[in-house]
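> Please see the structure below; I have some questions.
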Amino acid sequence: MSVMVDIRSVHKSFGSLHVLKGVDLRVRTAEVTVVLGPSGSGKSTLLRTVNHLEKADRGEVSVDGALMGYRRVGNRLYELPEREVLRQRTRIGFVFQNFRLFPHLTVLDNVVEAPVSALKRPRKQAVADARRLLERVGLGDRAEAYPRQLSGGQQQRVAIARALALEPKLLLFDEPTSALDPELVGEVLDVIRDLAARGTTMIVVTHEIAFAREVADTVVFMADGRIVEQGPPAEVLGAPREERTRAFLAKVL
Amino acid sequence: MSSDTLAKVPTAPQTPGPADTPRIVPRRRYGQWAAAVAVLALLALAADSVLRNKAFQWGVVADYFTSDAVLRGLWLTLWLTAVVMVLGFALGTLLAAFRLSANPVLRAVSWGYVWLFRSIPILVQLLLWFNIGALYPQVFGVRTVDLLTPIAVAIVGLTLHEAAFAAEVVRAGILSVDRGQIEAAQALGLSRSRRWWRIVLPQAMRSIVPPAGNMLIGTLKGTSIVSVIAVNDLLFSAQLIYHRTYQVIPLLMVATLWYAAVTSLLGLGQHFVEKYYARGTEHAR
């Protein structure tokens, strides 16, 4: 199967804090990769380097065969103009922990915004697509509401619809249920589960171990800026080889 | 609860329930009543003195209130305010964008501008522009005094002054918008200009409108300073009349009443603009 995301020896520091210490990861098309790990292990930063929201200090990231944020000439990487980076990002959906819907736009306008302004779709078509997507995440009747009139779970489902509106080849989830009340987590996981069943390529950073076991094709365990262990959930979660993985799982299970 | 139970609330106990449920008795607010009586008494005294003092010459006020000269002055004050406000905020928004840009040269330019024009009192600035011909008698082959008529000096001086303050108001508004909003827009591939006009500015407007309304009212009244360079605004028109008739107080009253009337209207307008930009912020469903 083809490789959708190819991360090669990525390093990242914030000041003196070395957050990613040489991460290599390949994500195959139509697979779900779940990234687990204690907070501060660098998993969110890694996810953000994939769509170039964070620039790696060293190493490179390719998505669907295209180098993110740079143009390779010989042995050099030249930074792309912002316009090009933005175009690359339209092929990647990103869902934030705290939703980040645009509060001054209705639910429908939140979903319609990117297809119309970034992909130059006719508005009429974008609105029809958006209504279908909202229907799919179970919010067809809230299209005219403003984000703050919705519950957290509903807002996150709108955020997923907004990411899907670009028809991305890859979806990135940064702790999509961490900001939710416990009783609202299920409705968001249901939507992600449904996407997985449709063969969407996804990287999900989460703390939901049960969800990882059920949905992931590959589980990646990170600690201290490195990937400690990766493999099918039955191996990594069922019979971890590394002591750090065992210690983490013992704490969260 | 049905609607007829609601209608009975004033006479019935607040919460129908077991007889031993204690009834809530609101605190008596005697201070409010005392304050109201005191304020009304003071207002009555003030009104009495204003109406009975013949020196106000309310008849003269009424005569001049809608006279041609006063209305022409009012008109000039209004359009000068509008022009200065629009140009000042356009330049101010540009300066705020410079100040927040990643380009250090633009940041320095913006900082320098704001520093310079906030440092010079507007009165001093108007007089400087008015006399600039002494420094530069000619620009592009035109005599400076022909180019910078008093009204042009008023527009230039007030706009440059306004822009320095508008820049800070707009900058504060933009800083009030959550950084995550810009990141979300970047993740969706929205262009820089689209992020600015569609995502950031509309959200910044909630914090910009109240101080901008303040500035609009300040500018309306502040335009009266152009009377020092003989521009025929509301105040100068009133002054021209009282220099001829010596009815100083009634004509200042005419100007005062007009300024207060226009300010009240602007305050009302601000209320509706604020309501518009507050959409999507209420929590109720």
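Labels for the structure tokens follow display order: chains A, B, ..., residues from 1 in each chain, ligands from 1.
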Show me, as a Markdown table, the residues of chain A having an atom within 10 Å of chain B, each with the closest atom pair and its distance in Å, using only C-alpha atoms.


| residue | atom | partner | partner_atom | distance |
| --- | --- | --- | --- | --- |
| A:Arg48 | CA | B:Ala187 | CA | 9.6 |
| A:Asn51 | CA | B:Ala187 | CA | 7.4 |
| A:His52 | CA | B:Ala187 | CA | 8.7 |
| A:Leu53 | CA | B:Ala187 | CA | 7.1 |
| A:Glu82 | CA | B:Ser191 | CA | 8.5 |
| A:Arg83 | CA | B:Ser191 | CA | 7.1 |
| A:Glu84 | CA | B:Gly189 | CA | 9.5 |
| A:Val85 | CA | B:Gly189 | CA | 8.0 |
| A:Leu86 | CA | B:Gly189 | CA | 4.3 |
| A:Arg87 | CA | B:Gly189 | CA | 6.1 |
| A:Gln88 | CA | B:Gly189 | CA | 7.8 |
| A:Arg89 | CA | B:Gly189 | CA | 5.5 |
| A:Thr90 | CA | B:Gly189 | CA | 5.3 |
| A:Arg91 | CA | B:Gly189 | CA | 8.9 |
| A:Ile92 | CA | B:Ala187 | CA | 8.0 |
| A:Gly93 | CA | B:Leu188 | CA | 7.2 |
| A:Phe94 | CA | B:Ala187 | CA | 6.4 |
| A:Val95 | CA | B:Ala184 | CA | 8.7 |
| A:Phe96 | CA | B:Ala184 | CA | 8.0 |
| A:Asn98 | CA | B:Gly180 | CA | 9.1 |
| A:Phe99 | CA | B:Ala184 | CA | 8.9 |
| A:Arg100 | CA | B:Gln181 | CA | 6.1 |
| A:Leu101 | CA | B:Gln181 | CA | 7.6 |
| A:Phe102 | CA | B:Gln181 | CA | 6.9 |
| A:Pro103 | CA | B:Gly280 | CA | 5.9 |
| A:His104 | CA | B:Gly280 | CA | 5.2 |
| A:Leu105 | CA | B:Gly280 | CA | 7.2 |
| A:Thr106 | CA | B:Gly280 | CA | 7.6 |
| A:Glu113 | CA | B:Leu190 | CA | 8.5 |
| A:Ala114 | CA | B:Leu188 | CA | 6.0 |
| A:Pro115 | CA | B:Leu188 | CA | 8.9 |
| A:Val116 | CA | B:Leu190 | CA | 9.8 |
| A:Ser117 | CA | B:Leu190 | CA | 6.7 |
| A:Ala118 | CA | B:Leu190 | CA | 5.5 |
| A:Leu119 | CA | B:Gly189 | CA | 8.7 |
| A:Ala145 | CA | B:Gly280 | CA | 8.2 |
| A:Tyr146 | CA | B:Gly280 | CA | 5.1 |
| A:Pro147 | CA | B:Gly280 | CA | 7.1 |
| A:Arg148 | CA | B:His283 | CA | 6.0 |
| A:Gln149 | CA | B:Arg285 | CA | 5.4 |
| A:Leu150 | CA | B:Arg285 | CA | 8.0 |
| A:Ala159 | CA | B:Ala184 | CA | 10.0 |
| A:Arg162 | CA | B:Leu188 | CA | 8.6 |
| A:Ala163 | CA | B:Leu188 | CA | 7.3 |
| A:Ala165 | CA | B:Leu188 | CA | 9.7 |
| A:Leu166 | CA | B:Leu188 | CA | 8.0 |

> Residues of segment 1-203 of chain A classed as helix (DSSP H, G or I) by DSSP on the backbone are to be reported as an mmCIF file with N, CA, C and O atoms, in the first residue's frame.


data_model
loop_
_atom_site.group_PDB
_atom_site.id
_atom_site.type_symbol
_atom_site.label_atom_id
_atom_site.label_comp_id
_atom_site.auth_asym_id
_atom_site.auth_seq_id
_atom_site.Cartn_x
_atom_site.Cartn_y
_atom_site.Cartn_z
ATOM 1 N N LYS A 43 3.834 14.828 20.900
ATOM 2 C CA LYS A 43 2.923 14.268 19.891
ATOM 3 C C LYS A 43 2.140 15.353 19.151
ATOM 4 O O LYS A 43 1.965 15.254 17.933
ATOM 5 N N SER A 44 1.689 16.394 19.858
ATOM 6 C CA SER A 44 0.970 17.474 19.169
ATOM 7 C C SER A 44 1.900 18.239 18.236
ATOM 8 O O SER A 44 1.517 18.603 17.117
ATOM 9 N N THR A 45 3.126 18.476 18.687
ATOM 10 C CA THR A 45 4.099 19.184 17.842
ATOM 11 C C THR A 45 4.371 18.391 16.570
ATOM 12 O O THR A 45 4.433 18.963 15.475
ATOM 13 N N LEU A 46 4.499 17.068 16.724
ATOM 14 C CA LEU A 46 4.729 16.219 15.556
ATOM 15 C C LEU A 46 3.576 16.367 14.560
ATOM 16 O O LEU A 46 3.784 16.559 13.356
ATOM 17 N N LEU A 47 2.339 16.344 15.095
ATOM 18 C CA LEU A 47 1.165 16.464 14.229
ATOM 19 C C LEU A 47 1.175 17.798 13.490
ATOM 20 O O LEU A 47 0.838 17.873 12.305
ATOM 21 N N ARG A 48 1.611 18.845 14.190
ATOM 22 C CA ARG A 48 1.597 20.176 13.589
ATOM 23 C C ARG A 48 2.694 20.359 12.550
ATOM 24 O O ARG A 48 2.577 21.232 11.679
ATOM 25 N N THR A 49 3.759 19.545 12.620
ATOM 26 C CA THR A 49 4.766 19.641 11.561
ATOM 27 C C THR A 49 4.237 19.014 10.264
ATOM 28 O O THR A 49 4.705 19.354 9.181
ATOM 29 N N VAL A 50 3.251 18.110 10.402
ATOM 30 C CA VAL A 50 2.754 17.425 9.201
ATOM 31 C C VAL A 50 2.090 18.411 8.238
ATOM 32 O O VAL A 50 2.286 18.328 7.029
ATOM 33 N N GLU A 82 4.380 31.651 0.939
ATOM 34 C CA GLU A 82 3.232 31.282 1.760
ATOM 35 C C GLU A 82 2.069 30.737 0.929
ATOM 36 O O GLU A 82 1.387 29.791 1.326
ATOM 37 N N ARG A 83 1.870 31.337 -0.233
ATOM 38 C CA ARG A 83 0.775 30.928 -1.121
ATOM 39 C C ARG A 83 0.833 29.428 -1.429
ATOM 40 O O ARG A 83 -0.176 28.727 -1.412
ATOM 41 N N GLU A 84 2.057 28.946 -1.667
ATOM 42 C CA GLU A 84 2.241 27.522 -1.998
ATOM 43 C C GLU A 84 1.956 26.644 -0.790
ATOM 44 O O GLU A 84 1.335 25.588 -0.909
ATOM 45 N N VAL A 85 2.428 27.100 0.381
ATOM 46 C CA VAL A 85 2.196 26.327 1.603
ATOM 47 C C VAL A 85 0.693 26.227 1.866
ATOM 48 O O VAL A 85 0.168 25.162 2.222
ATOM 49 N N LEU A 86 -0.020 27.344 1.652
ATOM 50 C CA LEU A 86 -1.466 27.348 1.885
ATOM 51 C C LEU A 86 -2.162 26.369 0.947
ATOM 52 O O LEU A 86 -3.098 25.683 1.327
ATOM 53 N N ARG A 87 -1.662 26.300 -0.284
ATOM 54 C CA ARG A 87 -2.263 25.375 -1.242
ATOM 55 C C ARG A 87 -2.032 23.924 -0.798
ATOM 56 O O ARG A 87 -2.921 23.087 -0.880
ATOM 57 N N GLN A 88 -0.825 23.656 -0.280
ATOM 58 C CA GLN A 88 -0.550 22.309 0.227
ATOM 59 C C GLN A 88 -1.494 21.962 1.378
ATOM 60 O O GLN A 88 -1.971 20.834 1.484
ATOM 61 N N ARG A 89 -1.759 22.964 2.221
ATOM 62 C CA ARG A 89 -2.587 22.691 3.402
ATOM 63 C C ARG A 89 -4.028 22.362 3.050
ATOM 64 O O ARG A 89 -4.721 21.715 3.819
ATOM 65 N N VAL A 107 -22.613 28.307 11.572
ATOM 66 C CA VAL A 107 -22.083 26.961 11.349
ATOM 67 C C VAL A 107 -21.888 26.731 9.852
ATOM 68 O O VAL A 107 -20.829 26.272 9.409
ATOM 69 N N LEU A 108 -22.890 27.089 9.055
ATOM 70 C CA LEU A 108 -22.798 26.873 7.614
ATOM 71 C C LEU A 108 -21.629 27.661 7.017
ATOM 72 O O LEU A 108 -20.835 27.124 6.231
ATOM 73 N N ASP A 109 -21.499 28.932 7.416
ATOM 74 C CA ASP A 109 -20.421 29.759 6.862
ATOM 75 C C ASP A 109 -19.043 29.270 7.301
ATOM 76 O O ASP A 109 -18.065 29.425 6.565
ATOM 77 N N ASN A 110 -18.955 28.693 8.496
ATOM 78 C CA ASN A 110 -17.694 28.100 8.927
ATOM 79 C C ASN A 110 -17.258 27.003 7.961
ATOM 80 O O ASN A 110 -16.090 26.888 7.625
ATOM 81 N N VAL A 111 -18.226 26.190 7.528
ATOM 82 C CA VAL A 111 -17.906 25.049 6.669
ATOM 83 C C VAL A 111 -17.673 25.511 5.228
ATOM 84 O O VAL A 111 -16.830 24.959 4.517
ATOM 85 N N VAL A 112 -18.394 26.549 4.811
ATOM 86 C CA VAL A 112 -18.337 27.009 3.421
ATOM 87 C C VAL A 112 -17.077 27.833 3.143
ATOM 88 O O VAL A 112 -16.573 27.861 2.022
ATOM 89 N N GLU A 113 -16.537 28.478 4.198
ATOM 90 C CA GLU A 113 -15.461 29.462 4.029
ATOM 91 C C GLU A 113 -14.272 28.964 3.194
ATOM 92 O O GLU A 113 -13.903 29.573 2.186
ATOM 93 N N ALA A 114 -13.673 27.844 3.599
ATOM 94 C CA ALA A 114 -12.451 27.395 2.923
ATOM 95 C C ALA A 114 -12.693 26.939 1.477
ATOM 96 O O ALA A 114 -11.941 27.335 0.582
ATOM 97 N N PRO A 115 -13.720 26.126 1.208
ATOM 98 C CA PRO A 115 -13.935 25.741 -0.197
ATOM 99 C C PRO A 115 -14.117 26.946 -1.108
ATOM 100 O O PRO A 115 -13.607 26.963 -2.225
ATOM 101 N N VAL A 116 -14.837 27.972 -0.634
ATOM 102 C CA VAL A 116 -15.098 29.137 -1.484
ATOM 103 C C VAL A 116 -13.840 29.982 -1.640
ATOM 104 O O VAL A 116 -13.458 30.344 -2.756
ATOM 105 N N SER A 117 -13.152 30.278 -0.504
ATOM 106 C CA SER A 117 -12.061 31.247 -0.628
ATOM 107 C C SER A 117 -10.732 30.587 -0.983
ATOM 108 O O SER A 117 -9.912 31.180 -1.672
ATOM 109 N N ARG A 123 -20.090 29.342 -4.710
ATOM 110 C CA ARG A 123 -20.687 29.317 -3.388
ATOM 111 C C ARG A 123 -21.874 28.356 -3.314
ATOM 112 O O ARG A 123 -22.059 27.651 -2.324
ATOM 113 N N LYS A 124 -22.669 28.327 -4.382
ATOM 114 C CA LYS A 124 -23.872 27.491 -4.379
ATOM 115 C C LYS A 124 -23.510 26.015 -4.166
ATOM 116 O O LYS A 124 -24.115 25.313 -3.366
ATOM 117 N N GLN A 125 -22.479 25.612 -4.886
ATOM 118 C CA GLN A 125 -22.037 24.217 -4.767
ATOM 119 C C GLN A 125 -21.466 23.954 -3.371
ATOM 120 O O GLN A 125 -21.756 22.935 -2.744
ATOM 121 N N ALA A 126 -20.668 24.926 -2.872
ATOM 122 C CA ALA A 126 -20.058 24.770 -1.553
ATOM 123 C C ALA A 126 -21.131 24.664 -0.472
ATOM 124 O O ALA A 126 -20.991 23.885 0.477
ATOM 125 N N VAL A 127 -22.213 25.454 -0.616
ATOM 126 C CA VAL A 127 -23.287 25.407 0.381
ATOM 127 C C VAL A 127 -23.969 24.047 0.351
ATOM 128 O O VAL A 127 -24.224 23.446 1.408
ATOM 129 N N ALA A 128 -24.221 23.532 -0.840
ATOM 130 C CA ALA A 128 -24.859 22.210 -0.947
ATOM 131 C C ALA A 128 -23.967 21.137 -0.320
ATOM 132 O O ALA A 128 -24.440 20.284 0.442
ATOM 133 N N ASP A 129 -22.666 21.204 -0.627
ATOM 134 C CA ASP A 129 -21.719 20.242 -0.039
ATOM 135 C C ASP A 129 -21.698 20.362 1.478
ATOM 136 O O ASP A 129 -21.686 19.356 2.192
ATOM 137 N N ALA A 130 -21.679 21.615 1.970
ATOM 138 C CA ALA A 130 -21.600 21.850 3.409
ATOM 139 C C ALA A 130 -22.819 21.274 4.111
ATOM 140 O O ALA A 130 -22.705 20.652 5.172
ATOM 141 N N ARG A 131 -23.998 21.477 3.508
ATOM 142 C CA ARG A 131 -25.219 20.946 4.139
ATOM 143 C C ARG A 131 -25.176 19.423 4.210
ATOM 144 O O ARG A 131 -25.593 18.815 5.193
ATOM 145 N N ARG A 132 -24.616 18.804 3.164
ATOM 146 C CA ARG A 132 -24.507 17.351 3.172
ATOM 147 C C ARG A 132 -23.542 16.894 4.276
ATOM 148 O O ARG A 132 -23.829 15.936 4.999
ATOM 149 N N LEU A 133 -22.416 17.606 4.403
ATOM 150 C CA LEU A 133 -21.441 17.248 5.442
ATOM 151 C C LEU A 133 -22.027 17.422 6.841
ATOM 152 O O LEU A 133 -21.804 16.585 7.720
ATOM 153 N N LEU A 134 -22.778 18.523 7.040
ATOM 154 C CA LEU A 134 -23.388 18.752 8.356
ATOM 155 C C LEU A 134 -24.402 17.657 8.661
ATOM 156 O O LEU A 134 -24.507 17.190 9.797
ATOM 157 N N GLU A 135 -25.128 17.243 7.639
ATOM 158 C CA GLU A 135 -26.060 16.121 7.784
ATOM 159 C C GLU A 135 -25.307 14.879 8.264
ATOM 160 O O GLU A 135 -25.728 14.168 9.167
ATOM 161 N N ARG A 136 -24.132 14.659 7.649
ATOM 162 C CA ARG A 136 -23.350 13.472 7.940
ATOM 163 C C ARG A 136 -22.843 13.456 9.386
ATOM 164 O O ARG A 136 -22.753 12.397 9.992
ATOM 165 N N GLY A 140 -27.422 18.621 10.616
ATOM 166 C CA GLY A 140 -28.105 19.235 9.474
ATOM 167 C C GLY A 140 -29.064 20.338 9.884
ATOM 168 O O GLY A 140 -29.266 21.300 9.146
ATOM 169 N N ASP A 141 -29.611 20.239 11.114
ATOM 170 C CA ASP A 141 -30.611 21.225 11.538
ATOM 171 C C ASP A 141 -30.002 22.425 12.255
ATOM 172 O O ASP A 141 -30.704 23.336 12.641
ATOM 173 N N ARG A 142 -28.666 22.467 12.446
ATOM 174 C CA ARG A 142 -28.061 23.589 13.161
ATOM 175 C C ARG A 142 -27.226 24.497 12.258
ATOM 176 O O ARG A 142 -26.423 25.293 12.738
ATOM 177 N N PRO A 147 -21.572 29.166 16.502
ATOM 178 C CA PRO A 147 -20.858 28.137 17.265
ATOM 179 C C PRO A 147 -21.154 28.150 18.760
ATOM 180 O O PRO A 147 -21.331 27.100 19.361
ATOM 181 N N ARG A 148 -21.235 29.352 19.375
ATOM 182 C CA ARG A 148 -21.399 29.369 20.829
ATOM 183 C C ARG A 148 -22.773 28.911 21.283
ATOM 184 O O ARG A 148 -23.009 28.751 22.475
ATOM 185 N N GLN A 149 -23.685 28.735 20.322
ATOM 186 C CA GLN A 149 -25.003 28.217 20.707
ATOM 187 C C GLN A 149 -25.002 26.685 20.737
ATOM 188 O O GLN A 149 -26.018 26.083 21.038
ATOM 189 N N GLY A 152 -20.089 21.561 23.229
ATOM 190 C CA GLY A 152 -18.722 21.267 22.796
ATOM 191 C C GLY A 152 -18.658 20.147 21.774
ATOM 192 O O GLY A 152 -17.955 20.238 20.772
ATOM 193 N N GLY A 153 -19.419 19.093 22.025
ATOM 194 C CA GLY A 153 -19.412 17.958 21.102
ATOM 195 C C GLY A 153 -19.927 18.358 19.728
ATOM 196 O O GLY A 153 -19.377 17.953 18.698
ATOM 197 N N GLN A 154 -20.984 19.176 19.723
ATOM 198 C CA GLN A 154 -21.523 19.650 18.440
ATOM 199 C C GLN A 154 -20.518 20.540 17.727
ATOM 200 O O GLN A 154 -20.335 20.438 16.510
ATOM 201 N N GLN A 155 -19.833 21.420 18.498
ATOM 202 C CA GLN A 155 -18.835 22.305 17.880
ATOM 203 C C GLN A 155 -17.717 21.491 17.245
ATOM 204 O O GLN A 155 -17.257 21.792 16.147
ATOM 205 N N GLN A 156 -17.281 20.440 17.946
ATOM 206 C CA GLN A 156 -16.195 19.646 17.396
ATOM 207 C C GLN A 156 -16.655 18.917 16.130
ATOM 208 O O GLN A 156 -15.877 18.763 15.186
ATOM 209 N N ARG A 157 -17.928 18.503 16.094
ATOM 210 C CA ARG A 157 -18.425 17.846 14.880
ATOM 211 C C ARG A 157 -18.486 18.841 13.715
ATOM 212 O O ARG A 157 -18.219 18.485 12.573
ATOM 213 N N VAL A 158 -18.848 20.100 14.019
ATOM 214 C CA VAL A 158 -18.806 21.127 12.969
ATOM 215 C C VAL A 158 -17.367 21.300 12.483
ATOM 216 O O VAL A 158 -17.104 21.409 11.278
ATOM 217 N N ALA A 159 -16.420 21.313 13.429
ATOM 218 C CA ALA A 159 -15.008 21.486 13.059
ATOM 219 C C ALA A 159 -14.550 20.349 12.144
ATOM 220 O O ALA A 159 -13.771 20.564 11.212
ATOM 221 N N ILE A 160 -15.052 19.158 12.387
ATOM 222 C CA ILE A 160 -14.705 18.029 11.525
ATOM 223 C C ILE A 160 -15.321 18.240 10.135
ATOM 224 O O ILE A 160 -14.647 18.046 9.109
ATOM 225 N N ALA A 161 -16.576 18.685 10.104
ATOM 226 C CA ALA A 161 -17.222 18.957 8.815
ATOM 227 C C ALA A 161 -16.454 20.038 8.064
ATOM 228 O O ALA A 161 -16.265 19.966 6.845
ATOM 229 N N ARG A 162 -15.981 21.060 8.794
ATOM 230 C CA ARG A 162 -15.219 22.147 8.176
ATOM 231 C C ARG A 162 -13.933 21.610 7.552
ATOM 232 O O ARG A 162 -13.557 22.007 6.448
ATOM 233 N N ALA A 163 -13.264 20.679 8.260
ATOM 234 C CA ALA A 163 -12.037 20.095 7.717
ATOM 235 C C ALA A 163 -12.353 19.224 6.498
ATOM 236 O O ALA A 163 -11.606 19.216 5.517
ATOM 237 N N LEU A 164 -13.486 18.517 6.557
ATOM 238 C CA LEU A 164 -13.842 17.621 5.452
ATOM 239 C C LEU A 164 -14.243 18.379 4.193
ATOM 240 O O LEU A 164 -14.171 17.842 3.089
ATOM 241 N N PRO A 182 -17.253 14.567 29.585
ATOM 242 C CA PRO A 182 -17.188 13.117 29.327
ATOM 243 C C PRO A 182 -18.374 12.573 28.524
ATOM 244 O O PRO A 182 -18.183 11.727 27.651
ATOM 245 N N GLU A 183 -19.572 13.111 28.779
ATOM 246 C CA GLU A 183 -20.731 12.523 28.098
ATOM 247 C C GLU A 183 -20.809 12.935 26.625
ATOM 248 O O GLU A 183 -21.633 12.439 25.880
ATOM 249 N N LEU A 184 -19.927 13.863 26.186
ATOM 250 C CA LEU A 184 -19.962 14.319 24.794
ATOM 251 C C LEU A 184 -18.868 13.688 23.947
ATOM 252 O O LEU A 184 -18.814 13.884 22.744
ATOM 253 N N VAL A 185 -17.980 12.923 24.599
ATOM 254 C CA VAL A 185 -16.849 12.341 23.882
ATOM 255 C C VAL A 185 -17.333 11.339 22.834
ATOM 256 O O VAL A 185 -16.866 11.322 21.698
ATOM 257 N N GLY A 186 -18.331 10.543 23.227
ATOM 258 C CA GLY A 186 -18.806 9.465 22.362
ATOM 259 C C GLY A 186 -19.263 9.948 20.991
ATOM 260 O O GLY A 186 -18.908 9.356 19.969
ATOM 261 N N GLU A 187 -20.029 11.067 20.948
ATOM 262 C CA GLU A 187 -20.586 11.528 19.678
ATOM 263 C C GLU A 187 -19.476 11.942 18.700
ATOM 264 O O GLU A 187 -19.617 11.755 17.490
ATOM 265 N N VAL A 188 -18.363 12.479 19.225
ATOM 266 C CA VAL A 188 -17.256 12.873 18.354
ATOM 267 C C VAL A 188 -16.496 11.640 17.870
ATOM 268 O O VAL A 188 -16.164 11.515 16.685
ATOM 269 N N LEU A 189 -16.266 10.687 18.798
ATOM 270 C CA LEU A 189 -15.576 9.459 18.400
ATOM 271 C C LEU A 189 -16.392 8.684 17.361
ATOM 272 O O LEU A 189 -15.822 8.084 16.446
ATOM 273 N N ASP A 190 -17.734 8.742 17.485
ATOM 274 C CA ASP A 190 -18.581 8.062 16.491
ATOM 275 C C ASP A 190 -18.309 8.594 15.087
ATOM 276 O O ASP A 190 -18.226 7.827 14.124
ATOM 277 N N VAL A 191 -18.170 9.934 14.978
ATOM 278 C CA VAL A 191 -17.916 10.540 13.672
ATOM 279 C C VAL A 191 -16.555 10.093 13.137
ATOM 280 O O VAL A 191 -16.413 9.744 11.957
ATOM 281 N N ILE A 192 -15.531 10.066 14.016
ATOM 282 C CA ILE A 192 -14.189 9.665 13.569
ATOM 283 C C ILE A 192 -14.190 8.182 13.175
ATOM 284 O O ILE A 192 -13.579 7.785 12.181
ATOM 285 N N ARG A 193 -14.914 7.376 13.940
ATOM 286 C CA ARG A 193 -15.053 5.951 13.640
ATOM 287 C C ARG A 193 -15.658 5.760 12.248
ATOM 288 O O ARG A 193 -15.187 4.939 11.451
ATOM 289 N N ASP A 194 -16.701 6.550 11.967
ATOM 290 C CA ASP A 194 -17.366 6.466 10.669
ATOM 291 C C ASP A 194 -16.392 6.829 9.540
ATOM 292 O O ASP A 194 -16.376 6.190 8.496
ATOM 293 N N LEU A 195 -15.545 7.849 9.773
ATOM 294 C CA LEU A 195 -14.553 8.249 8.758
ATOM 295 C C LEU A 195 -13.545 7.125 8.531
ATOM 296 O O LEU A 195 -13.164 6.836 7.398
ATOM 297 N N ALA A 196 -13.151 6.469 9.624
ATOM 298 C CA ALA A 196 -12.197 5.366 9.511
ATOM 299 C C ALA A 196 -12.794 4.248 8.666
ATOM 300 O O ALA A 196 -12.122 3.670 7.796
ATOM 301 N N ALA A 197 -14.077 3.977 8.889
ATOM 302 C CA ALA A 197 -14.736 2.906 8.148
ATOM 303 C C ALA A 197 -14.805 3.220 6.656
ATOM 304 O O ALA A 197 -14.865 2.329 5.820
#

> What lies within 8 Å of segment 70-80 of chain B using only C-alpha atoms, ignoring chain neighbours under 6 positions off, as a list in words?

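So the residues in contact are Tyr64, Ile155, Leu220, Thr223, Ser224, Asn232, Asp233, Leu234, Leu235, Phe236, Ser237, Ala238 and Trp258 of chain B.
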
> Would you save the residues from that selection as a tab-separated table (two decimals), in the first residue's frame, using C-alpha atoms?


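And here's out.tsv as it stands now:
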chain	number	residue	atom	x	y	z
B	64	TYR	CA	-30.08	81.65	15.59
B	155	ILE	CA	-8.20	67.85	6.90
B	220	LEU	CA	-16.71	65.88	16.24
B	223	THR	CA	-12.97	69.88	14.92
B	224	SER	CA	-13.95	73.09	16.76
B	232	ASN	CA	-16.04	78.15	9.01
B	233	ASP	CA	-17.13	75.31	11.27
B	234	LEU	CA	-20.01	75.35	13.77
B	235	LEU	CA	-18.05	77.15	16.52
B	236	PHE	CA	-16.41	79.67	14.16
B	237	SER	CA	-19.80	80.52	12.60
B	238	ALA	CA	-21.20	81.20	16.06
B	258	TRP	CA	-25.94	71.31	18.34

> Give me the residues within 12 Å of Val142 of chain B as an mmCIF file with all heavy atoms, in the first residue's frame, counting only C-alpha atoms and dropping any in the same chain fewer than 6 places off.


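What ended up in result.cif:
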data_model
loop_
_atom_site.group_PDB
_atom_site.id
_atom_site.type_symbol
_atom_site.label_atom_id
_atom_site.label_comp_id
_atom_site.auth_asym_id
_atom_site.auth_seq_id
_atom_site.Cartn_x
_atom_site.Cartn_y
_atom_site.Cartn_z
ATOM 1 N N GLY B 133 4.255 77.124 4.555
ATOM 2 C CA GLY B 133 4.761 77.894 3.418
ATOM 3 C C GLY B 133 6.068 78.609 3.742
ATOM 4 O O GLY B 133 6.898 78.857 2.856
ATOM 5 N N TYR B 136 8.591 75.663 3.153
ATOM 6 C CA TYR B 136 8.598 75.204 1.758
ATOM 7 C C TYR B 136 7.653 76.085 0.949
ATOM 8 O O TYR B 136 6.470 75.780 0.822
ATOM 9 C CB TYR B 136 8.153 73.738 1.666
ATOM 10 C CG TYR B 136 9.016 72.801 2.467
ATOM 11 C CD1 TYR B 136 8.617 72.365 3.718
ATOM 12 C CD2 TYR B 136 10.237 72.363 1.958
ATOM 13 C CE1 TYR B 136 9.408 71.512 4.465
ATOM 14 C CE2 TYR B 136 11.030 71.506 2.696
ATOM 15 C CZ TYR B 136 10.615 71.089 3.944
ATOM 16 O OH TYR B 136 11.397 70.245 4.684
ATOM 17 N N LEU B 148 -2.351 74.455 0.300
ATOM 18 C CA LEU B 148 -2.847 74.208 1.642
ATOM 19 C C LEU B 148 -3.750 75.343 2.087
ATOM 20 O O LEU B 148 -3.366 76.203 2.874
ATOM 21 C CB LEU B 148 -1.683 74.015 2.614
ATOM 22 C CG LEU B 148 -1.034 72.624 2.598
ATOM 23 C CD1 LEU B 148 0.086 72.537 3.619
ATOM 24 C CD2 LEU B 148 -2.057 71.528 2.846
#

> Counting only C-alpha atoms, which residue out of B:Thr21, B:Ile120, B:Thr81, B:Ala35 sits closest to Leu266 of chain B?

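The shortest atom-to-atom distance to Leu266 of chain B comes from B:Thr81.
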
> What separation in Å, quoted to one decimal, exists between atom CA of Gly225 of chain A and atom CA of Gly15 of chain A?

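Separation of atom CA of Gly225 of chain A and atom CA of Gly15 of chain A: 14.7 Å.
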
> Which residue out of A:Thr33, A:Ser39, A:Thr177, A:Gln97 has the minimum interatomic distance to Ala216 of chain A when only C-alpha atoms are used?

A:Thr33

> If we count only C-alpha atoms and set the cut-off at 8 Å, which residues sit around Val153 of chain B, ignoring sequence neighbours fewer than 6 positions away in its own chain? Please answer as a list of chain:residue names.

B:Leu126, B:Trp129, B:Phe130

> Would you list the contacts of Pro211 of chain B as number ranges by chain, taking every protein, DNA or RNA residue within 12 Å and counting only C-alpha atoms, but skipping same-chain residues closer than 2 positions in sequence?

B: 165-173, 204-209, 213-218, 267, 270, 274
